[in-house]
Amino acid sequence: MLQKKICMLGSFSVGKTSLVRRFVESIFDEKYHTTIGVKVDKKVVPVDREEVTLVLWDIHGEDVFQKMRMSYLRGMSGYLLVVDPTRPQTLEDALALQTRVREAMGAVPWILVLNKCDRIAEWEIDLEPIRSLEGSGQVVVRTSAKTGEGVEQAFSRLAQAMLHSSC
Amino acid sequence: MPPESIYDALLSQEAIALFEFSDGGTFAPLATLPVWCDLLWQLGGQTSLQLAEKSPFLENFLTEAEQFWASQGSGVLNSGYWVEQDSSGKQFPLEASAFWLAGKRVLLIRHLPDTFRQQQQVFQAGRDALLTQERLVREIEKKEILLHCIIHDLSQPLTSMRSCFELLLDKKLAPDAAKFVLTGRRESQRQERMIRGLLEAFAADLAGEQSPGQGKAVSADLISCARRSVEQFVPAFTERGIRLILAPYWDFLRGARVVGDAPRVDRIFGNLLDNALRYSPKGSAVTVGLEDGGPELTAFVDDEGPGLPTDSSNEHIFALFGQGKDRPGKVGLGLYFCKMTVERWGGTIGATNRANRGSRFWFRLPRAPQQSAASPPGSAVADAPAVPVSPDTRRKPAGQALHIVVADDDEISRELVIETLRTRGHFVTGAGDGAEALAAFERLQPEVLLIDQHMPGMDGLAVARAIRQKEEQTGSAPAILIGWSGNAAAEDERRAQQAGMDALVGKPFDPKTLFQLIERPAPASSRESAPAGAAAPEDLRAHLTHMTAGNEKLARRLVVSFLKDFPRRLSMIERAVSRKNADGLASAAHSLRGAFAIFDAQKSVVAARNLEAMGREHRFEGASDEFHTLADDLSRLERELRALFPPPSSPSKRHRPSRRRVRSGGKR
């Protein structure tokens, strides 16, 4: 069976682990549990009538305590760049990280995930750069790990992009 | 190889799995594997293991490890933590290390539940704290934005009020009415101080400007500040039947300077006097004094009011939103501002009950070092009055009249500023938003633009940037750009400066400050460009410059055209007067009147207007005198215009016919 490695990237506490848990186990925990290191999960999904095993690398968020090792990204077919729109800094950090990843790994399919859309009234990010990204063809998905909204869509659109990518 | 006993000891903890990497790409256990290895990867009894197949994380790490072993690298290659999960869902935090040991390529995998848990607790606490900090910072930012919005909204009507009072004071008012207007102006100034105090207290609090060493090293003449404040408050105290006294023993301390800037020291005195005014009974006295404390100077305000409540502490009195038990209508910002400011300068502040009756509010500031005894030249914090003396708005500007564009989306504020500037003698054009301001700039090329910072669409900063860009592209002389904002804090000033503005004026604007900013002497270059020996008055030159937006070619064309045309029209008027042709008189006078306005020939305008009216009313009495008045003034204008723009050749030849014609119409 075809296997594809997906990395979950973004600042700490943006909801990477929650998105994986929602996607793999249909579980959501309100309490924030910080991730140390890496946790790998798998899920088989149909993509274009083909069964694909998604190997999900939930990588700790970057902050003053931990920096991400680029070696974790080796063999990656795509990544979800997760942002918490209630914290504008996470968008800036995500876009800076995306630049570093592109420099290290080349052009790899990625999706910008605006998580926590169940708290959209609290969003504080500037949507202009998001619209600009969308305008240039970048896929942006609004998700809520809490309600499940957009979660399947985010992974499935990335899976499709990975399958159709030459990377 | 270490002795078997060491392996046994390590493995007995069931924490470590040791493997040797072989050339075939497989791993052989170097000792009995711990139970968790079996739980995770079912390795029991195998001697040649494909570990990369057991875990995606290990697969990734082993690629790196093989490169490490191949390079014969010294030291240890660590994987960092990762978490594996067995079939029951139990999680195993692991860390792998690759190294060379006694010629063997060794892979060590440790199961570290305790270390992992401890580290997770530390990181969790740290990240929770970071999240809290982020949230607090965002809350503070939101409050700051809200505060600025409130300040802006409060400032707008205040601007209008103050402008109204200033304009009213220009009128001839009955003494009673003038007194009311002065009271209104004083109270609006007081409200302005309160708003600014509010803004500064919060700004200082938010910025955490606690160190006296931060910012500008300035000093203030404490006695001057006290005297100014007392002078300013005397009317308010007198109105309430309270005597405000300057303590008589000040003089020996004359010139003593303290750390601090004068406008804020004024405000501290103002807040303390405001406080004394509220609590002093009619017929009592309030005394402002100064005491020498060696390295410090103490200023005090003594009142004869009820004194401080026995249960109140200084901490409470000077706290943010701190109020006494019987303090209606005050939110407790004034004294908080005093405390914040005094402490920022390294001073102290306090309040005590006096022996007989009343209270003493005092503040103590360090004496300024000798080298900072004087404010730096041009410093904005020199000992200028905190509340400027009302300017005489009827006075004409010292220099030339200016063409000014006033941009503000608030119609009342805009119109009041326009009126103030027009009263001053300037030519003023209004603009309702940034786009209109930019269009007016391009169309009129004004010398000055007064731009509100907060306008919908294109804001003041964007307008300033666009204007500076256009000036750079066209090489035109830079206009004076004055920002106009309810928030004129240091940060706002910095932004305004970056956008290319020359100054930022706080709302409500002080006309005197504004006049000083915009009424600079005409640049030497423009004076030098005047024709040598020109006798034309500066007023005419300035007016023409305005009317043509500084386009000298256009001005010359207008003058040449006028000089060529007006004798014919003057003759027409003369003929119409002599023949009593009413329609002809009205028509000729009307057409000539328009031309006069271009040259600001007010006397001619009036004469032509009168002649036009006579024609329309078929009234010829006095028409001849009016014509001569017109002809004489035009003769003057002609001389001045010719001096301003001398003809390139044969001036006398071209000059003569028109003079003849004027004279021919000048028979009395």
# chains A, B, ... in the order shown; residues from 1 in each chain; ligands from 1

$ interface_residues --of "chain A" --to "chain B" --cutoff "6 Å" --atoms "only C-alpha atoms" --output "PDB file with N, CA and C atoms, in the first residue's frame"
ATOM      1  N   THR A  34       1.084  19.872  26.029  1.00  0.00           N
ATOM      2  CA  THR A  34       2.170  20.227  25.117  1.00  0.00           C
ATOM      3  C   THR A  34       2.878  18.975  24.599  1.00  0.00           C
ATOM      4  N   GLY A  37       8.941  16.387  21.579  1.00  0.00           N
ATOM      5  CA  GLY A  37       9.476  15.502  20.553  1.00  0.00           C
ATOM      6  C   GLY A  37       8.481  15.247  19.435  1.00  0.00           C
ATOM      7  N   VAL A  38       8.394  13.962  19.082  1.00  0.00           N
ATOM      8  CA  VAL A  38       7.587  13.593  17.911  1.00  0.00           C
ATOM      9  C   VAL A  38       6.686  12.422  18.264  1.00  0.00           C
ATOM     10  N   LYS A  39       5.476  12.444  17.715  1.00  0.00           N
ATOM     11  CA  LYS A  39       4.623  11.256  17.829  1.00  0.00           C
ATOM     12  C   LYS A  39       4.123  10.939  16.426  1.00  0.00           C
TER      13      LYS A  39
END

$ residues_around --residues "A:Val20" --least-positions-apart "4" --cutoff "8 Å" --atoms "only C-alpha atoms" --output "MDAnalysis selection string"
chainID A and resid 16 24:25 41 56 58

$ write_last_selection --atoms "C-alpha atoms" --output "PDB file, in the first residue's frame"
ATOM      1  CA  LYS A  16      -1.436  20.147  15.702  1.00  0.00           C
ATOM      2  CA  VAL A  24      -7.183   9.527  13.544  1.00  0.00           C
ATOM      3  CA  GLU A  25      -9.245   8.852  16.647  1.00  0.00           C
ATOM      4  CA  ASP A  41       0.366   8.024  13.821  1.00  0.00           C
ATOM      5  CA  LEU A  56       1.352  11.569  10.395  1.00  0.00           C
ATOM      6  CA  ASP A  58       3.101  15.313  14.923  1.00  0.00           C
TER       7      ASP A  58
END

$ atom_distance --atom1 "atom CA of B:Asp408" --atom2 "atom CA of B:Gly475"
27.0 Å

$ select_by_dssp --residues "stretch 54-101 of chain A" --states "strand (DSSP E or B)" --output "number ranges by chain"
A: 54-59, 62, 78-83

$ residues_around --residues "stretch 460-466 of chain B" --least-positions-apart "5" --cutoff "6 Å" --atoms "only C-alpha atoms" --output "VMD selection string"
chain B and resid 434 451 to 453 499 to 500

$ select_by_dssp --residues "stretch 82-151 of chain A" --states "helix (DSSP H, G or I)" --output "VMD selection string"
chain A and resid 88 to 105 117 to 122 128 to 135 151
